[in-house]
Number of protein chains: 4
Amino acid sequence: MMTAEEYIQSLRDLRPRRVYAFGEKIEDCVDHPLIRPSINCCAMTYKLAEMPEYRELMVTSSSFTGKPVNRFCHLHQSTADLVNKVKMQRLCGSMTGACFQRCVGMDALNAVFSTTYEIDARHGTEYHRRFVEFVKEWQEKDWTVDGAMTDPKGNRGLAPHAQKDPDMFLRVVERREDGIVVRGAKMHQTGALNSHQILVMPTQTMRAEDRDYAVAFSVPADDPSILYIYGRQASDTRKLEASKVDVGNANYGGQEVIIIFEDTFVPYKNVYMLGEIDFTGMLVERFAGYHRQSYGGCKVGNGDVLIGASQTAAECNGCAKASHIKDKIIEMIHLNETLFSCGIACSCEGSPTRAGNYQIDMLLANVCKQNVTRLPYEIARLAQDIAGGLMVTMPSDADFTSDEVGEWCRKLMVGDARYSVEDRQRILRLIEAMTIGSVAVGYLTESMHGAGSPQAQRIMIGRQANMEAKKALARRLCGIDPDGLF
Amino acid sequence: MMTAEEYIQSLRDLRPRRVYAFGEKIEDCVDHPLIRPSINCCAMTYKLAEMPEYRELMVTSSSFTGKPVNRFCHLHQSTADLVNKVKMQRLCGSMTGACFQRCVGMDALNAVFSTTYEIDARHGTEYHRRFVEFVKEWQEKDWTVDGAMTDPKGNRGLAPHAQKDPDMFLRVVERREDGIVVRGAKMHQTGALNSHQILVMPTQTMRAEDRDYAVAFSVPADDPSILYIYGRQASDTRKLEASKVDVGNANYGGQEVIIIFEDTFVPYKNVYMLGEIDFTGMLVERFAGYHRQSYGGCKVGNGDVLIGASQTAAECNGCAKASHIKDKIIEMIHLNETLFSCGIACSCEGSPTRAGNYQIDMLLANVCKQNVTRLPYEIARLAQDIAGGLMVTMPSDADFTSDEVGEWCRKLMVGDARYSVEDRQRILRLIEAMTIGSVAVGYLTESMHGAGSPQAQRIMIGRQANMEAKKALARRLCGIDPDGLF
Amino acid sequence: MMTAEEYIQSLRDLRPRRVYAFGEKIEDCVDHPLIRPSINCCAMTYKLAEMPEYRELMVTSSSFTGKPVNRFCHLHQSTADLVNKVKMQRLCGSMTGACFQRCVGMDALNAVFSTTYEIDARHGTEYHRRFVEFVKEWQEKDWTVDGAMTDPKGNRGLAPHAQKDPDMFLRVVERREDGIVVRGAKMHQTGALNSHQILVMPTQTMRAEDRDYAVAFSVPADDPSILYIYGRQASDTRKLEASKVDVGNANYGGQEVIIIFEDTFVPYKNVYMLGEIDFTGMLVERFAGYHRQSYGGCKVGNGDVLIGASQTAAECNGCAKASHIKDKIIEMIHLNETLFSCGIACSCEGSPTRAGNYQIDMLLANVCKQNVTRLPYEIARLAQDIAGGLMVTMPSDADFTSDEVGEWCRKLMVGDARYSVEDRQRILRLIEAMTIGSVAVGYLTESMHGAGSPQAQRIMIGRQANMEAKKALARRLCGIDPDGLF
Amino acid sequence: MMTAEEYIQSLRDLRPRRVYAFGEKIEDCVDHPLIRPSINCCAMTYKLAEMPEYRELMVTSSSFTGKPVNRFCHLHQSTADLVNKVKMQRLCGSMTGACFQRCVGMDALNAVFSTTYEIDARHGTEYHRRFVEFVKEWQEKDWTVDGAMTDPKGNRGLAPHAQKDPDMFLRVVERREDGIVVRGAKMHQTGALNSHQILVMPTQTMRAEDRDYAVAFSVPADDPSILYIYGRQASDTRKLEASKVDVGNANYGGQEVIIIFEDTFVPYKNVYMLGEIDFTGMLVERFAGYHRQSYGGCKVGNGDVLIGASQTAAECNGCAKASHIKDKIIEMIHLNETLFSCGIACSCEGSPTRAGNYQIDMLLANVCKQNVTRLPYEIARLAQDIAGGLMVTMPSDADFTSDEVGEWCRKLMVGDARYSVEDRQRILRLIEAMTIGSVAVGYLTESMHGAGSPQAQRIMIGRQANMEAKKALARRLCGIDPDGLF
């Protein structure tokens with residue numbers, strides 16, 4: 001297993017990548033101030049595994065070798081593993097206050113593992129064996145892997161093959177003797193630049209004509225054929241400013257990237273699906289299911305930070321004992337723990353796949369994510385209520401340190417004597433970042449759309465609930481079909 | 001273990017009890033149409049244990065004897081037991097569509113068991129041993145036991161001893177050589193008349209002057225000193241009507257009773273706390289905690305019925321395929337499963353007490369109950385939306401069967417051809433009963449106040465959350481206390 | 001104008017009517033304890049007009065004669081009239097705590113008045129002149145008129161003429177020289193038995209084949225061809241009990257009736273639409289619009305009662321000063337006044353019809369009603385929170401006055417000394433009635449479905465909002481279509 | 001009246017001001033790209049008055065001279081004026097999609113006018129006459145005036161005079177023969193730099209020891225003693241970028257400034273309160289009341305933009321016809337029009353002050369603002385749902401125009417063919433700006449705290465509602481105090 005420092009160095013050791021942001025090529029991804037906070041976030045998943053107090057949660061043993069592995073590289077072997085996954089995510093979310101990005105790989109790992117097993121069972125293919133080899137290396141090298149699913153999609157009303165531009169979904173453009181060549185892009189790729197490998201999956205259920213789009217494979221993140229374009233976020237350029245006060249969450253942050261495969265060659269040993277359209281739905285559903293569970297952990301950890309920040313802000317403002325403030329803090333805790341309960345419940349109710357690893361309860365995982373599309377917004381609203389208007393009217397830190405106006409700034413912003421003005425600035429900037437700044441991208445908008453937009457969960461909830469059984473209950477009780485028991 | 005029939009007979013075999021309803025003495029509780037539905041509800045907990053398909057969930061083995069016991073008489077031995085408790089409650093709630101009443105005993109059982117253990121450890125008393133003897137008989141005889149906690153309380157601003165009327169809290173009025181004499185009352189006693197024994201606990205944390213009020217004991221439900229007064233419910237007299245259509249849930253229902261102890265003698269072997277004020281808080285908190293968990297099961301089962309009824313009503317009305325109806329059904333499922341998730345999570349996160357049985361995660365159990373004070377109301381609102389106005393403007397069943405107007409009634413109420421008019425009547429009456437009728441007492445108002453009113457949970461949530469840890473997280477991230485990790 | 005006593009006598013003076021309830025013929029509607037509370041409710045609209053302090057609001061002058069008329073018989077002449085309508089309804093709702101039933105006539109009056117004007121203008125008919133004659137008599141005699149719209153509808157997927165049973169919508173079955181003969185029924189008729197006349201309107205937009213169903217007319221309520229079947233409500237039989245305590249709202253209540261026209265003859269002078277399918281939509285929309293406004297008054301008045309009851313219950317319970325109770329009361333007021341704001345706003349933004357009377361702003365009236373389908377449910381939930389569980393576990397009043405158990409009941413229910421136990425019973429029974437009893441029919445379910453179910457308003461809201469204008473605003477600001485102003 | 005161009009020139013014509021932002025002195029406020037959008041916003045209030053289609057709403061006549069005045073300089077003469085104020089604000093909010101800043105002056109104008117009248121009546125002072133003179137010039141010159149109320153406040157638990165630093169509230173530091181000298185600051189000053197005059201009011205009810213803090217006056221905005229420090233906002237530096245695409249709302253924006261009075265001299269003719277502590281509460285309450293009304297207009301106009309943007313985004317994404325999208329748009333409209341209804345209702349229910357101008361209904365104005373602290377957050381959440389995740393993962397516009405990666409960006413972002421990729425970028429950036437960017441400061445956080453934080457409204461709501469009347473209603477109906485009417 002890597003230390004956090006080794007992890008960061010391992011990114012430096014990658015072959016040069018083609019990365020663009022703000023229209024310019026980024027030569028040094030690792031130390032670029034725009035990107036580094038997101039690397040620190042991912043590095044936290046290594047750092048915590050080093051720390052004795054968190055080791056039990058962060059480190060488990062490989063189901064292949066029995067050797068210690070970071071839980072982010074683990075195939076869940078029990079419902080306890082699923083529960084621990086959620087707790088680990090809450091921990092990481094609370095230690096970074098942001099998106100730590102390594103879940104997509106873990107969720108892809110478990111989804112591809114069980115799905116390839118079932119493909120092979122039906123089609124006599126050997127994807128599962130290939131994938132197991134890949135996983136062994138993954139665990140051995142303690143990689144961060146980007147699980148890449150979402151395509152650009154173009155016109156939503158048309159199937160992949162029917163799009164005007166065939167590249168709107170990633171596809172096989174050439175089948176060679178030793179491998180395949182793929183072209184296309186994956187959007188919204190959380191942490192792509194912080195990964196060693198990219199594990200690509202199809203984005204939706206495919207039909208017969210879309211066979212070329214039914215492809216899953218892995219590829220090194222530094223493959224020269226890959227082009228990365230960095231997504232921008234609210235207030236992102238504060239990360240480039242001299243002072244680190246206004247950025248709110250100074251050292252950590254999320255990362256969203258477009259990955260473009262410009263005719264990337266993939267040897268067959270790294271291909272895990274090639275045309276088996278009958279398993280595209282299963283793979284998507286399983287990956288989405290795991291990832292909907294994940295949000296019941298990471299966003300709860302973010303919520304812990306925001307609750308703590310709100311309480312601190314109330315203390316800075318001198319009003320933490322007002323009954324309405326206490327009640328709002330309780331409400332924030334209540335909502336946050338409701339999300340956690342959903343994350344725990346879908347894990348506790350998990351069950352083994354045919355391949356042997358465990359998957360979550362699908363109904364409850366969708367219920368979990370559906371709540372994640374709502375409750376963080378209310379938590380954020382309450383945080384803004386508690387923080388007060390100063391959060392959005394406060395001058396920049398450059399004013400606070402200015403020779404000309406700094407004294408006035410520092411004088412006027414004095415609140416409760418237990419906190420310095422700079423403390424107050426910092427805590428308000430943190431709440432700002434989490435509710436209308438760069439961290440809100442992860443805490444709010446990603447809570448909405450990550451792992452599928454709300455309507456996707458609603459469709460699954462409607463499908464997973466056994467309505468006929470519920471109707472039968474009602475019919476019995478009202479006497480349409482009397483039970484005759486008493 | 002008793003069969004459901006034996007259970008009902010066992011109630012008939014009790015000594016004559018003094019029971020009043022509508023100002024009159026009820027001679028035959030068991031077969032009285034007002035009461036019988038509530039007995040059927042409780043009997044369901046026996047019946048399901050007889051049915052092979054539910055046996056695994058309903059029956060477990062005694063931690064004392066290893067013999068099979070109904071889970072309602074069980075001391076939880078693991079988090080799996082706690083999870084199964086919630087699932088059993090969902091099952092019972094879905095099979096009765098009402099409150100099946102036997103949880104209060106189970107929750108008191110587990111709370112008194114662990115608390116007496118700790119009292120004895122500190123005070124050198126022998127309550128736990130006594131209680132174990134009682135529990136063995138309880139399990140052996142497969143009793144239903146009423147866990148009785150809530151006192152009348154009089155003026156909420158005054159302690160028990162300071163009340164104008166000393167009987168506003170139940171207390172010891174005499175200490176004899178062989179036992180104690182108690183006087184007072186317990187309010188809101190769910191299922192009291194359907195119980196074989198009453199297990200009394202103090203209602204709140206007591207102070208030094210309230211030592212006589214710090215008393216816990218058990219007593220046979222047919223002790224002649226006990227007086228019962230039956231509570232009334234919305235639409236309760238429909239149970240007395242000739243037709244069973246309008247009652248909605250024809251065979252099942254809840255029961256709320258006042259129990260009055262008119263100088264009841266209790267031998268010391270059945271006394272489990274006598275003046276140990278320092279453990280009153282623990283006992284109340286533990287009982288409340290278990291009971292707050294319980295609602296994450298039973299009310300979810302009720303919700304299953306209401307969802308099934310709403311879907312059926314939509315089909316009767318011919319509009320089940322409208323997108324807004326489907327969306328409302330999905331929302332009902334989502335909310336209901338959110339409650340279930342909370343019930344499961346506080347169970348899964350349980351831990352052993354010093355006495356060895358398991359208790360729930362206190363924070364999550366309070367979060368669970370807090371959601372129960374809200375979400376069923378929204379589920380009920382959506383059910384009314386789907387049901388349509390006919391639910392409250394429909395004539396009585398006597399009109400539907402009348403020679404003079406029955407034909408018109410039956411003609412005008414025709415909806416979708418797959419359902420008869422009587423089916424439609426029945427399903428609408430079920431929704432009416434669950435949302436503004438007698439079952440709403442259990443599904444709504446009891447969801448609000450059972451196991452403590454909402455504010456009680458909020459106080460616990462505020463107390464259980466580790467705010468200092470959350471503040472520390474925020475301070476690290478905004479740089480007040482930088483972590484120095486990266 | 002009639003006094004309240006004259007009004008009640010005027011109902012006694014009607015020809016014998018065929019009225020059924022609970023399967024039996026009701027000979028004396030006026031003094032029947034099941035029905036009388038609803039008559040008192042309607043009588044309140046007369047009584048308040050007699051009282052000097054309310055006269056200015058209740059009484060205005062006829063637009064035909066200038067003579068004083070009860071506002072319930074008035075054609076709105078200005079937006080001030082529309083606003084006063086809402087205030088009058090709030091007053092009546094607060095004085096009865098229930099549905100006072102006279103609005104449907106007022107709303108039909110204004111809708112038929114303006115629609116007949118437009119029919120005549122297009123078709124050269126004389127409906128408007130006929131209707132004006134009818135209105136003059138209505139105002140002169142100070143009638144209560146039932147505006148009757150909703151048909152049974154049968155299979156919702158089929159047009160009236162395509163129904164298996166042609167009577168699922170009311171229709172003309174014969175055209176005679178002097179008038180028409182109609183057959184069919186109107187469902188959910190609020191206050192039908194308390195009316196002097198019935199003003200029938202079609203229930204939906206009709207197409208060419210449904211010409212016989214496009215009919216509007218008035219008929220005396222005591223026409224012998226009419227059959228009435230009384231709808232039942234939660235807890236309705238409490239009105240028949242000896243004690244008036246448990247009924248909650250002792251003297252007032254709502255009334256829902258099915259009206260069946262068994263080949264009723266209507267002379268042409270009372271026919272206001274006969275086959276003009278092109279105006280069915282307008283008539284329905286206008287009536288619904290006025291009625292959606294109405295709920296922004298009457299339900300607010302009901303809300304006033306429930307807020308006052310909750311505050312009183314909190315005082316009885318001795319916890320009115322707790323900060324969470326005060327906050328819940330404020331929330332109830334906030335929600336209630338939000339509804340009132342919607343009622344006022346759609347009135348204030350009204351405009352004249354071509355016929356000269358005023359109609360409400362259609363978008364805002366639908367927004368008003370949509371809120372009415374939600375907020376009263378939350379107000380009711382909060383009321384239950386404040387009331388406490390005793391509301392649903394309290395014995396019947398017969399127990400409180402019983403020789404055997406009355407003393408115990410009265411002793412145990414003592415709360416704050418400023419209130420007697422009977423006060424406490426009464427106020428809790430009022431909250432029970434309004435939230436899960438007979439008054440909840442009006443306060444909740446009718447709020448949901450009266451004047452159209454929620455989805456009906458959503459369709460109208462979508463249709464009324466000028467989306468193209470809103471899109472243009474967005475396009476300008478984001479620079480797709482720059483405004484070039486600065 | 002000034003044209004928009006004259007207005008902008010008039011700001012250029014002001015004496016040099018001391019303005020700081022990002023720690024540096026801003027020499028040219030008017031043309032600075034950070035500030036200019038906020039000037040354009042305020043200029044819109046002049047521009048619309050020039051446009052014939054809006055003139056009727058924007059221009060009215062002075063109550064002093066009868067000459068045309070911009071409504072922003074108007075003393076409301078009727079409830080129609082109050083209603084038109086709200087409509088004008090909705091218009092301005094919809095034309096700028098941001099905060100146009102000129103309301104604070106208008107609201108201060110009306111509050112100071114009526115309060116000074118009452119001060120003079122009680123104290124025999126001449127503030128009202130002085131203020132009238134000021135208002136005449138204000139109207140004549142068509143000024144924008146900053147109504148300045150909120151002080152830094154320091155320790156919230158201490159009165160002004162008891163603060164450790166006496167400058168935490170603005171106060172009189174010297175009384176001269178010809179005027180007073182004041183020192184202190186006003187925080188959160190919306191549009192201060194875009195104003196010609198500053199009208200200062202005390203921030204809260206003052207007690208005897210705080211007499212020096214009970215001061216109201218006006219002063220030219222370019223008084224050399226005044227120091228301005230510019231507040232920063234989420235994503236504010238996007239305004240400084242070369243491309244105007246990413247800023248979302250390219251030409252308009254809000255402005256929050258700290259105003260510091262460094263011993264500013266004010267001649268008595270511009271002093272409107274000096275020590276009359278008994279009127280501080282009235283002035284605060286009236287200003288706050290008007291300003292709480294205002295939000296029922298401006299934020300609704302912003303909402304119109306966000307709804308239009310969401311609909312456009314759905315069309316770009318190709319999913320505008322999905323039933324769940326249509327339903328979410330309807331919900332956004334519903335919530336937005338609910339706010340508008342509250343703005344209209346508190347206006348329609350206004351009444352004359354003793355000074356003759358009109359003020360709003362205080363209860364309903366507070367209800368209005370309370371809803372503004374909630375509903376825009378839900379509207380914003382729905383906008384994010386509809387927009388999709390691309391809103392926060394999309395590359396910067398510099399990438400879209402880059403030689404190296406622009407082609408890929410433009411290719412991958414193609415959606416519905418009716419919209420260009422740049423259109424899609426722009427509309428998503430607008431939604432981003434309004435929900436987690438610089439415009440969210442105004443649309444969300446300012447909706448929360450502007451005109452007082454939510455708890456301030458709750459206190460007023462509790463105080464304004466006539467609880468005794470409501471209790472009496474409940475007592476009558478449940479029979480505690482029977483009405484004896486029927």
# chains A, B, ... in the order shown; residues from 1 in each chain; ligands from 1
>>> select_by_dssp(residues="segment 168-219 of chain D", states="strand (DSSP E)", output="PyMOL selection string")
chain D and resi 171-175+179-190+197-200+215-219
>>> residues_around(residues="Lys87 of chain B", least_positions_apart="2", cutoff="10 Å", atoms="only C-alpha atoms", output="number ranges by chain")
B: 57-58, 81-85, 89-93, 294, 296-298, 300-301, 340, 343-344
>>> interface_residues(of="chain D", to="chain A", cutoff="6 Å", atoms="only C-alpha atoms", output="ChimeraX atom specification")
/D:22-23,152,154-156,188,230-235,256,318,389,392-396,398-399,402,412,414-416,436-437,449
>>> closest_residue(among="B:Asp178, B:Glu285, B:Asp28, B:Glu6", to="Pro202 of chain B", atoms="only C-alpha atoms")
B:Glu285
>>> select_by_dssp(residues="segment 250-461 of chain A", states="helix (DSSP H, G or I)", output="PyMOL selection string")
chain A and resi 268-270+277-317+323-348+362-372+375-387+390-393+397-400+406-412+421-436+438-449+454-461
>>> closest_residue(among="C:Cys73, C:Ala355, C:Ala383, C:Ala322", to="Glu118 of chain C", atoms="only C-alpha atoms")
C:Ala355
>>> atom_distance(atom1="atom CA of Ser351 of chain D", atom2="atom CA of Gly124 of chain D")
24.9 Å
>>> residues_around(residues="His76 of chain D", least_positions_apart="5", cutoff="9 Å", atoms="only C-alpha atoms", output="MDAnalysis selection string")
chainID D and resid 63 71 81:82 85 110 356:359
>>> write_last_selection(atoms="all heavy atoms", output="tab-separated table (two decimals), in the first residue's frame")
chain	number	residue	atom	x	y	z
D	63	SER	N	-46.18	63.66	-5.15
D	63	SER	CA	-47.27	64.11	-4.28
D	63	SER	C	-47.07	65.57	-3.85
D	63	SER	O	-47.98	66.18	-3.32
D	63	SER	CB	-47.35	63.21	-3.05
D	63	SER	OG	-46.11	63.19	-2.37
D	71	ARG	N	-40.96	56.04	-9.97
D	71	ARG	CA	-41.65	55.47	-8.81
D	71	ARG	C	-40.67	55.15	-7.67
D	71	ARG	O	-41.08	55.09	-6.51
D	71	ARG	CB	-42.42	54.21	-9.21
D	71	ARG	CG	-43.31	53.66	-8.11
D	71	ARG	CD	-44.11	52.45	-8.55
D	71	ARG	NE	-45.11	52.77	-9.56
D	71	ARG	CZ	-46.26	53.38	-9.28
D	71	ARG	NH1	-46.57	53.70	-8.04
D	71	ARG	NH2	-47.11	53.64	-10.26
D	81	ASP	N	-50.63	52.22	-5.39
D	81	ASP	CA	-49.21	52.55	-5.47
D	81	ASP	C	-48.35	51.43	-4.88
D	81	ASP	O	-47.29	51.10	-5.43
D	81	ASP	CB	-48.92	53.85	-4.71
D	81	ASP	CG	-48.96	55.08	-5.61
D	81	ASP	OD1	-49.15	54.93	-6.83
D	81	ASP	OD2	-48.82	56.20	-5.07
D	82	LEU	N	-48.80	50.89	-3.77
D	82	LEU	CA	-48.04	49.80	-3.14
D	82	LEU	C	-47.99	48.58	-4.06
D	82	LEU	O	-46.96	47.92	-4.19
D	82	LEU	CB	-48.65	49.42	-1.79
D	82	LEU	CG	-48.48	50.46	-0.66
D	82	LEU	CD1	-49.37	50.10	0.54
D	82	LEU	CD2	-47.02	50.55	-0.23
D	85	LYS	N	-45.68	49.28	-6.89
D	85	LYS	CA	-44.28	49.17	-6.45
D	85	LYS	C	-43.80	47.73	-6.64
D	85	LYS	O	-42.73	47.48	-7.20
D	85	LYS	CB	-44.17	49.57	-4.97
D	85	LYS	CG	-42.79	49.32	-4.39
D	85	LYS	CD	-42.78	49.37	-2.85
D	85	LYS	CE	-41.52	48.66	-2.32
D	85	LYS	NZ	-41.46	48.55	-0.86
D	110	ASN	N	-40.04	56.20	2.34
D	110	ASN	CA	-41.39	56.10	2.88
D	110	ASN	C	-41.41	55.91	4.39
D	110	ASN	O	-42.32	56.37	5.07
D	110	ASN	CB	-42.15	55.00	2.17
D	110	ASN	CG	-42.71	55.49	0.84
D	110	ASN	OD1	-43.78	56.09	0.80
D	110	ASN	ND2	-41.96	55.29	-0.25
D	356	GLY	N	-49.74	60.41	5.83
D	356	GLY	CA	-50.47	60.42	4.57
D	356	GLY	C	-49.97	59.45	3.53
D	356	GLY	O	-50.73	59.07	2.64
D	357	ASN	N	-48.73	59.05	3.61
D	357	ASN	CA	-48.31	58.02	2.65
D	357	ASN	C	-48.80	56.65	3.13
D	357	ASN	O	-49.26	56.51	4.27
D	357	ASN	CB	-46.78	58.05	2.43
D	357	ASN	CG	-45.99	57.68	3.67
D	357	ASN	OD1	-46.49	57.82	4.80
D	357	ASN	ND2	-44.76	57.24	3.48
D	358	TYR	N	-48.71	55.65	2.27
D	358	TYR	CA	-49.29	54.35	2.60
D	358	TYR	C	-48.23	53.36	3.06
D	358	TYR	O	-47.11	53.35	2.54
D	358	TYR	CB	-50.03	53.77	1.38
D	358	TYR	CG	-51.48	54.20	1.36
D	358	TYR	CD1	-51.81	55.55	1.24
D	358	TYR	CD2	-52.52	53.28	1.51
D	358	TYR	CE1	-53.13	55.97	1.26
D	358	TYR	CE2	-53.84	53.69	1.53
D	358	TYR	CZ	-54.15	55.03	1.40
D	358	TYR	OH	-55.46	55.43	1.43
D	359	GLN	N	-48.62	52.57	4.03
D	359	GLN	CA	-47.72	51.48	4.40
D	359	GLN	C	-48.43	50.14	4.25
D	359	GLN	O	-49.65	50.05	4.16
D	359	GLN	CB	-47.16	51.67	5.80
D	359	GLN	CG	-48.14	51.51	6.91
D	359	GLN	CD	-47.43	51.69	8.28
D	359	GLN	OE1	-46.28	52.10	8.35
D	359	GLN	NE2	-48.15	51.39	9.34
>>> closest_residue(among="C:Tyr290, C:Ser61, C:Arg17, C:Arg171", to="Val86 of chain C", atoms="only C-alpha atoms")
C:Tyr290
>>> atom_distance(atom1="atom CA of Gly66 of chain D", atom2="atom CA of Arg286 of chain D")
25.3 Å
>>> residues_around(residues="Thr45 of chain D", least_positions_apart="4", cutoff="12 Å", atoms="only C-alpha atoms", output="JSON, numbers by chain")
{"D": [1, 2, 3, 4, 5, 7, 8, 38, 39, 40, 41, 49, 50, 51, 54, 55, 57, 58, 59, 69, 70, 71, 72, 73, 88, 89, 90, 91, 92, 93, 94, 95, 96, 99, 100, 101, 102, 103, 142, 143, 144, 194]}
>>> atom_distance(atom1="atom CA of Ala242 of chain B", atom2="atom CA of Asn251 of chain C")
27.7 Å
>>> residues_around(residues="Phe279 of chain A", least_positions_apart="4", cutoff="10 Å", atoms="only C-alpha atoms", output="list of chain:residue names")
A:Thr115, A:Thr116, A:Glu118, A:Ile119, A:Arg122, A:Pro202, A:Thr205, A:Met206, A:Ala214, A:Met273, A:Gly275, A:Leu283, A:Val284, A:Glu285
